[in-house]
Amino acid sequence: MYLSQAYYKMDDSNNYTSVELQNQIIHNRSATMDATFGQIAYSYVAIKANSKSINTNLLAAEYKYKSFAPPIFGKDAICPNPPANIIKTGTVLSWDTPVAAADGDLPAKYVIYAFDNAAEAVTNKDDGSKIIEITAANQFVLTQDQIDNKFIVITSLDKNNNEAGTYDPNLGIGGTQLADSKSFIAYPNPFVTDFTVQLNSLNTNNVIITIYESTGRQVWHQEAKSIVDSKIKVAPTNLTSGIYYVRIDFENGTSESFKIIKR
């Protein structure tokens, strides 16, 4: 059930206040209202005119966060596949459209969440207050604060708003902080005991990985000559928790660097 709210009563003899409609929304969202999934504002005229500051007040409180409607019960329960090949280049997150789900649906939109830590990304994955964008595009520009301090999760929504996608520190997709590069991705970041550098097809042999402290002192050196599936596992020993800088030297003489965090 989606309850209809009489926004028009703010502008007729009933003289509703903005607070009255806000209280109706709060009541509709209470746990005891377990058969209601949202509300419908009638009519658009009051919204367009921002009658009695209703838009302003809702955006500051009850509609403070971005959201999407829940799936229609009994219509379609098959989730889409999660976004594929998530990569961060500079401040830009990009991903590929996954293959169609079992029912033939592709994602209609994507939801981008920003969590404060990895545990929160796993346990509070349905927290709508963490949504920073809902988009039909295959990329999103993060802020520098989000890059430095947040754990990003990207999920897929199909046309019925079935959602798929979780934080996955092992695969480095669907929610890890990815290394800043077009030539490779590195995950998970932060890491506990090891992380993986996945190279593109152009740089697959004779790679040197060096890790430095923030002071510039070298703390790890690794050469990789026989690389399987374009992946290099890096398991530095004797590193304390903190921020480190990794330099990757390629066979063609080029090098790239990125920041990584050891938990």
# chains A, B, ... in the order shown; residues from 1 in each chain; ligands from 1

$ select_by_dssp --residues "region 8-238 of chain A" --states "strand (DSSP E or B)" --output "number ranges by chain"
A: 38-42, 84-89, 92-96, 109-115, 131-135, 139-141, 151-157, 163-164, 168, 173, 180, 184-187, 191, 195-199, 207-212, 218-224, 228, 231-234

$ residues_around --residues "Ser94 (chain A)" --least-positions-apart "4" --cutoff "7 Å" --atoms "only C-alpha atoms" --output "compact mmCIF listing (two decimals) with N, CA and C atoms, in the first residue's frame"
# COMPACT_ATOMS: atom_id res chain seq x y z
N ILE A 86 34.57 -2.70 -11.86
CA ILE A 86 34.59 -1.38 -11.25
C ILE A 86 36.03 -0.87 -11.17
N ILE A 87 36.26 0.33 -11.68
CA ILE A 87 37.60 0.92 -11.69
C ILE A 87 37.51 2.38 -11.26
N LYS A 88 38.50 2.84 -10.49
CA LYS A 88 38.60 4.24 -10.11
C LYS A 88 39.78 4.87 -10.82
N ASN A 138 27.09 4.89 -16.23
CA ASN A 138 28.08 3.90 -15.83
C ASN A 138 29.33 4.54 -15.25
N GLN A 139 29.16 5.72 -14.69
CA GLN A 139 30.27 6.36 -13.99
C GLN A 139 29.75 7.39 -13.02
N PHE A 140 30.61 7.77 -12.05
CA PHE A 140 30.24 8.76 -11.05
C PHE A 140 31.51 9.41 -10.55

$ atom_distance --atom1 "CA of Trp95 (chain A)" --atom2 "CA of Gly242 (chain A)"
28.7 Å

$ closest_residue --among "A:Ile152, A:Ala49, A:Ala77, A:Ala35" --to "Pro188 (chain A)" --atoms "only C-alpha atoms"
A:Ile152

$ closest_residue --among "A:Gln24, A:Ser226, A:Asn124, A:Ser257" --to "Ile211 (chain A)" --atoms "only C-alpha atoms"
A:Ser257

$ residues_around --residues "Pro82 (chain A)" --least-positions-apart "2" --cutoff "8 Å" --atoms "only C-alpha atoms" --output "list of chain:residue names"
A:Pro80, A:Ala84, A:Pro98, A:Ile154, A:Thr155, A:Ser156, A:Ala164, A:Gly165, A:Gly174

$ write_last_selection --atoms "C-alpha atoms" --output "PDB file, in the first residue's frame"
ATOM      1  CA  PRO A  80      20.107  -8.250 -11.688  1.00  0.00           C
ATOM      2  CA  ALA A  84      31.142  -5.439 -13.560  1.00  0.00           C
ATOM      3  CA  PRO A  98      26.917  -6.840 -16.420  1.00  0.00           C
ATOM      4  CA  ILE A 154      27.933   0.112  -6.112  1.00  0.00           C
ATOM      5  CA  THR A 155      24.805  -1.973  -6.645  1.00  0.00           C
ATOM      6  CA  SER A 156      22.524  -2.672  -9.602  1.00  0.00           C
ATOM      7  CA  ALA A 164      22.295  -6.698  -6.260  1.00  0.00           C
ATOM      8  CA  GLY A 165      25.807  -5.874  -5.126  1.00  0.00           C
ATOM      9  CA  GLY A 174      31.170  -3.924  -5.591  1.00  0.00           C
TER      10      GLY A 174
END

$ atom_distance --atom1 "CA of Ala100 (chain A)" --atom2 "CA of Val153 (chain A)"
20.2 Å

$ select_by_dssp --residues "region 98-228 of chain A" --states "helix (DSSP H, G or I)" --output "ChimeraX atom specification"
/A:118-123,128-130,144-149

$ closest_residue --among "A:Phe184, A:Tyr63, A:Tyr110, A:Tyr8" --to "Pro83 (chain A)" --atoms "only C-alpha atoms"
A:Tyr110

$ atom_distance --atom1 "CA of Ala186 (chain A)" --atom2 "CA of Gln198 (chain A)"
6.2 Å

$ residues_around --residues "Lys66 (chain A)" --least-positions-apart "5" --cutoff "12 Å" --atoms "only C-alpha atoms" --output "PyMOL selection string"
chain A and resi 59-61+111-113+127-135

$ closest_residue --among "A:Asp12, A:Tyr167, A:Asn200, A:Thr97" --to "Thr123 (chain A)" --atoms "only C-alpha atoms"
A:Tyr167

$ closest_residue --among "A:Asn162, A:Arg263, A:Asn14, A:Glu20" --to "Ile78 (chain A)" --atoms "only C-alpha atoms"
A:Asn162

$ closest_residue --among "A:Val92, A:Lys159, A:Ile26, A:Asp34" --to "Asp76 (chain A)" --atoms "only C-alpha atoms"
A:Lys159
